[in-house]
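The structure appears right after this line, and notes come after that.
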Amino acid sequence: MAKTKKSAENKKEKKEAKKSSQNRASTKKRVADTEEWVSKHINELVSRLGLEFLKLGVEEYISVLTKIVDVVRGESATLDVDTIVKRIKRYSDKVYPILAVSLLELRSSLDEDQLEFVVNSIGEAVLAYAPRLYSEARRLERADLIERLKDMWRHYWVLKRHPILPVACPRCSFNSLMPDLSCLVCGAVVTEGELKTFLNFKALLEDFALREPVEEVKKVVSFGYVYVNSLGIKAPGEHKDVLDVEVLLSNKDKEVLLDKLKQRELQHGG
């Protein structure tokens, strides 16, 4: 009985292995078929999709369009130019991010038209490629594209990573400064002094001292540090978010808080 069961299991494993091998072969053949078809129709595809402005070489166009055609063809056994072009245009919001990433992977540097296309098409992948895109935009002196990248970074950060934005970096102004004072986008490592100057830390302390309960302000003076995030200042003891930056208070910082406390006492006494 045991031998019969073992024999049946061996047959099942061989059958599954054969099926898996056939599937891999079928997938490879399908990809090869797609590439062959794209190569045959590359000029017409580039023209009808209006991609001449990317100024790629023939092999580069074949490479990026093979990926896209393979996505939009679905389970179709045959390919037709009209159908493929219509599908690419219909699903451009899903297709163009693939094209944008493919372009970044193909080219070590981009020209202005290429960069503009990538920035406007890359979607949520901006979270992964922002450092490269920021560097390219700076090289080409495209401040408008840098501002666009900042907006996209903020949008997709909240949508995909965390409900609170990181503190803005003093060097690149992206909301991308980590608790260790390193920037995810420009790669800078800033000092506390630089961060304080950039954030107008004195004004933040004054607002905190006038807005928060007196006991909270006294606690900050006693502890000698605060948490900072994109929403402002938090007192020690509050729930610390993973993105909060701990900032030490100088004697001058403490004086700012104490002066505002005296102001509140005088107003209350009056």
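Numbering starts fresh at 1 for the residues of each chain in the structure tokens, the chains themselves are lettered A, B, ... in the order given, and ligands are numbered from 1 as they appear.
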May I have all residues of stretch 40-263 of chain A that DSSP, computed from the backbone, assigns to helix (DSSP H, G or I), given as a ChimeraX atom specification? /A:40-48,52-54,58-72,81-90,92-106,112-121,123-139,143-161,192-199,201-211,214-223,251-263
Which residues are close to A:Lys262, i.e. within 12 Å by only C-alpha atoms, leaving aside same-chain residues fewer than 6 positions away? Reply as a list in words.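 Listed by chain and then number, they are Glu206, Ala209, Leu210, Val214, Val217, Lys218, Glu255, Val256, His268 and Gly269 of chain A.
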Suppose we keep C-alpha atoms; can you now write the selection as an mmCIF file, in the first residue's frame?
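Generated output (out_18.cif):
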data_model
loop_
_atom_site.group_PDB
_atom_site.id
_atom_site.type_symbol
_atom_site.label_atom_id
_atom_site.label_comp_id
_atom_site.auth_asym_id
_atom_site.auth_seq_id
_atom_site.Cartn_x
_atom_site.Cartn_y
_atom_site.Cartn_z
ATOM 1 C CA GLU A 206 7.709 80.592 19.924
ATOM 2 C CA ALA A 209 5.436 77.919 23.671
ATOM 3 C CA LEU A 210 2.340 80.065 23.092
ATOM 4 C CA VAL A 214 2.409 75.423 30.104
ATOM 5 C CA VAL A 217 6.552 73.718 27.517
ATOM 6 C CA LYS A 218 8.247 73.393 30.936
ATOM 7 C CA GLU A 255 15.482 81.162 26.650
ATOM 8 C CA VAL A 256 13.005 81.587 23.786
ATOM 9 C CA HIS A 268 -2.812 85.821 32.339
ATOM 10 C CA GLY A 269 -2.035 88.022 35.314
#
Could you pull the residues within 12 Å of A:Gly224, counting only C-alpha atoms, minus those fewer than 3 positions along the same chain, as a ChimeraX atom specification? /A:217-221,227,235-236,246-255,257
Residues as selected, C-alpha atoms, written as a CSV table (one decimal), in the first residue's frame, can you do that?
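Written out: part.csv:
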chain,number,residue,atom,x,y,z
A,217,VAL,CA,6.6,73.7,27.5
A,218,LYS,CA,8.2,73.4,30.9
A,219,LYS,CA,8.8,69.7,30.2
A,220,VAL,CA,10.6,70.6,27.0
A,221,VAL,CA,12.9,73.0,28.8
A,227,TYR,CA,10.8,66.1,18.2
A,235,ALA,CA,7.2,67.5,23.2
A,236,PRO,CA,9.2,64.5,24.5
A,246,GLU,CA,15.1,64.6,17.6
A,247,VAL,CA,16.6,68.1,18.0
A,248,LEU,CA,18.6,69.3,21.0
A,249,LEU,CA,17.8,72.7,22.5
A,250,SER,CA,20.6,75.2,23.0
A,251,ASN,CA,20.5,77.6,25.9
A,252,LYS,CA,19.2,80.3,23.5
A,253,ASP,CA,16.4,77.9,22.4
A,254,LYS,CA,15.5,77.4,26.1
A,255,GLU,CA,15.5,81.2,26.6
A,257,LEU,CA,10.6,79.1,25.5
Write out as a VMD selection string all residues of stretch 111-238 of chain A that backbone DSSP assigns to strand (DSSP E). chain A and resid 167 to 168 175 to 177 225 to 229 232 to 234
Between A:Leu106, A:Cys169, A:Val72, A:Leu65, which has the minimum distance to A:Leu199 (counting only C-alpha atoms)? A:Cys169
Could you give me, as a tab-separated table, every stretch 118-184 of chain A residue with an atom at most 9 Å from stretch 83-97 of chain A, plus its closest atom pair and distance in Å to one decimal, counting only C-alpha atoms, rows ordered by chain then number?
residue	atom	partner	partner_atom	distance
A:Val118	CA	A:Pro97	CA	7.8
A:Asn120	CA	A:Pro97	CA	9.0
A:Ser121	CA	A:Pro97	CA	5.3
A:Ile122	CA	A:Pro97	CA	4.3
A:Gly123	CA	A:Pro97	CA	6.0
A:Glu124	CA	A:Pro97	CA	8.3
A:Ala125	CA	A:Pro97	CA	7.5
For atom CA of A:Gly232 and atom CA of A:Ile146, determine how far apart the two atoms are, in Å to one decimal place. 24.1 Å
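Restricting the calculation to only C-alpha atoms, the smallest distance between A:Arg142 and any of A:Val64, A:Leu54, A:Pro179, A:Asp113 is found for A:Asp113.
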What does the distance from atom CA of A:Gly187 to atom CA of A:Pro131 come to in Å, to one decimal?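 Atom CA of A:Pro131 lies at a distance of 7.9 Å from atom CA of A:Gly187.
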